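The data block below is work-v2.cif; it holds mmCIF, C-alpha atoms and all ligand atoms.
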data_coords
#
loop_
_atom_site.group_PDB
_atom_site.id
_atom_site.type_symbol
_atom_site.label_atom_id
_atom_site.label_comp_id
_atom_site.auth_asym_id
_atom_site.auth_seq_id
_atom_site.Cartn_x
_atom_site.Cartn_y
_atom_site.Cartn_z
ATOM 1 C CA MET C 13 100.462 -4.963 219.579
ATOM 2 C CA PRO C 14 104.263 -5.090 219.128
ATOM 3 C CA ARG C 15 105.825 -8.018 217.324
ATOM 4 C CA THR C 16 105.369 -11.230 219.277
ATOM 5 C CA GLU C 17 108.669 -12.321 220.750
ATOM 6 C CA GLN C 18 109.504 -16.000 220.720
ATOM 7 C CA THR C 19 109.441 -17.340 224.255
ATOM 8 C CA LYS C 20 109.803 -20.672 225.974
ATOM 9 C CA ILE C 21 108.991 -22.025 229.410
ATOM 10 C CA CYS C 22 111.784 -22.740 231.886
ATOM 11 C CA PRO C 23 111.577 -26.466 232.779
ATOM 12 C CA ALA C 24 112.908 -25.770 236.264
ATOM 13 C CA CYS C 25 110.676 -22.932 237.528
ATOM 14 C CA GLY C 26 108.078 -22.446 234.787
ATOM 15 C CA ALA C 27 109.035 -18.845 234.059
ATOM 16 C CA THR C 28 108.523 -17.443 230.545
ATOM 17 C CA VAL C 29 111.955 -16.672 229.119
ATOM 18 C CA PRO C 30 113.098 -15.404 225.684
ATOM 19 C CA GLU C 31 113.631 -18.151 223.102
ATOM 20 C CA ALA C 32 117.287 -17.162 222.608
ATOM 21 C CA ALA C 33 118.069 -17.163 226.343
ATOM 22 C CA THR C 34 120.766 -19.637 227.357
ATOM 23 C CA GLN C 35 119.986 -19.228 231.064
ATOM 24 C CA CYS C 36 116.744 -18.661 232.945
ATOM 25 C CA PRO C 37 116.678 -15.061 234.276
ATOM 26 C CA ALA C 38 114.437 -16.162 237.149
ATOM 27 C CA CYS C 39 116.231 -19.202 238.575
ATOM 28 C CA GLY C 40 119.490 -19.378 236.603
ATOM 29 C CA GLU C 41 118.747 -22.791 235.105
ATOM 30 C CA PRO C 42 120.869 -23.380 231.978
ATOM 31 C CA LEU C 43 118.616 -23.562 228.929
ATOM 32 C CA ALA C 44 119.554 -25.115 225.609
ATOM 33 C CA PRO C 45 118.857 -22.671 222.769
ATOM 34 C CA VAL C 46 116.483 -24.098 220.172
ATOM 35 C CA GLU C 47 118.782 -22.898 217.371
ATOM 36 C CA LYS C 48 121.368 -25.488 218.431
ATOM 37 C CA ARG C 49 119.012 -28.302 217.438
ATOM 38 C CA ALA C 50 120.633 -30.386 214.705
ATOM 39 C CA TRP C 51 119.506 -29.252 211.256
ATOM 40 C CA TYR C 52 118.666 -32.771 210.092
ATOM 41 C CA LYS C 53 116.207 -33.216 212.959
ATOM 42 C CA THR C 54 114.042 -30.476 211.453
ATOM 43 C CA LEU C 55 113.707 -32.429 208.194
ATOM 44 C CA THR C 56 110.641 -34.483 207.434
ATOM 45 C CA PRO C 57 111.095 -38.197 206.581
ATOM 46 C CA THR C 58 110.300 -37.353 202.948
ATOM 47 C CA GLU C 59 113.039 -34.717 202.857
ATOM 48 C CA ILE C 60 115.531 -37.156 204.411
ATOM 49 C CA PHE C 61 114.578 -39.787 201.817
ATOM 50 C CA LEU C 62 115.067 -37.299 198.978
ATOM 51 C CA LEU C 63 118.396 -36.214 200.485
ATOM 52 C CA ILE C 64 119.633 -39.824 200.629
ATOM 53 C CA LEU C 65 118.277 -40.521 197.132
ATOM 54 C CA GLY C 66 120.040 -37.418 195.839
ATOM 55 C CA SER C 67 123.321 -38.525 197.441
ATOM 56 C CA ILE C 68 123.034 -42.007 195.901
ATOM 57 C CA MET C 69 122.277 -40.526 192.480
ATOM 58 C CA LEU C 70 125.333 -38.277 192.812
ATOM 59 C CA MET C 71 127.530 -41.255 193.784
ATOM 60 C CA ILE C 72 126.278 -43.269 190.810
ATOM 61 C CA GLY C 73 126.914 -40.289 188.571
ATOM 62 C CA LEU C 74 130.511 -39.975 189.803
ATOM 63 C CA VAL C 75 131.205 -43.697 189.406
ATOM 64 C CA ALA C 76 129.632 -43.872 185.950
ATOM 65 C CA VAL C 77 131.792 -41.024 184.655
HETATM 66 ZN ZN ZN C 101 113.798 -20.937 235.708
#

Please, can you express the file's structure as C-alpha cells?
Ligand SMILES: [Zn+2]
Amino acid sequence: MPRTEQTKICPACGATVPEAATQCPACGEPLAPVEKRAWYKTLTPTEIFLLILGSIMLMIGLVAV
C-alpha cells in the first residue's frame, strides 16, 4: 500500500477530497484548510495553563529585576 494521504469529506457533496484542498474538486465548494486552524486551539487545557503560568513567571521575573 502507498502512503495514506490525508483526506477530508466535502460538507457540501460528501466527496473525499485531499486534506490540503482549498476547493472541492467535485462541486467547487470552498473548503477551509485544516492547517489554517489557530495554533492555540490545538493546545490542551494543561498546555494553555502552563503557557499562561510561564508568561506570568516571566513578567514577575522582569519586574523583580
Ligand atoms: Zn463537494

Run through the PyMOL selection byres (((chain C and resi 24) around 9) and not hetatm) on the given coordinates and return the selected residues as a ChimeraX atom specification. /C:21-23,25-27,36,39,41

Would you write out those residues with C-alpha atoms, as a compact mmCIF listing (two decimals), in the frame of the given file?
# COMPACT_ATOMS: atom_id res chain seq x y z
CA ILE C 21 108.99 -22.02 229.41
CA CYS C 22 111.78 -22.74 231.89
CA PRO C 23 111.58 -26.47 232.78
CA CYS C 25 110.68 -22.93 237.53
CA GLY C 26 108.08 -22.45 234.79
CA ALA C 27 109.04 -18.84 234.06
CA CYS C 36 116.74 -18.66 232.94
CA CYS C 39 116.23 -19.20 238.58
CA GLU C 41 118.75 -22.79 235.10

Please expand the PyMOL selection byres (((chain C and resi 19) around 10) and not hetatm) into the concrete residues it hits in this file, giving the result as a list in words. Thr16, Glu17, Gln18, Lys20, Ile21, Cys22, Ala27, Thr28, Val29, Pro30, Glu31, Ala32 and Ala33 of chain C

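Note that the spacing between CA of Leu55 in chain C and CA of Met69 in chain C amounts to 19.6 Å.
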
Calculate how many Å separate CA of Gly73 in chain C from CA of Thr58 in chain C, rounding to one decimal. 22.2 Å

One decimal, Å: what's the distance from CA of Ile72 in chain C over to CA of Glu59 in chain C, could you say?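 One can read the CA of Ile72 in chain C to CA of Glu59 in chain C distance as 19.8 Å.
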
Pick from C:Thr34, C:Ala76, C:Gly40, C:Leu62: nearest to ligand ZN 101 (chain C), with all atoms listed in the file counted? C:Gly40

Closest of C:Leu43, C:Ala38, C:Val75, C:Ile60 to ligand ZN 101 (chain C) - atom-to-atom distances counting only C-alpha atoms and all ligand atoms: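 The shortest atom-to-atom distance to ligand ZN 101 (chain C) comes from C:Ala38.
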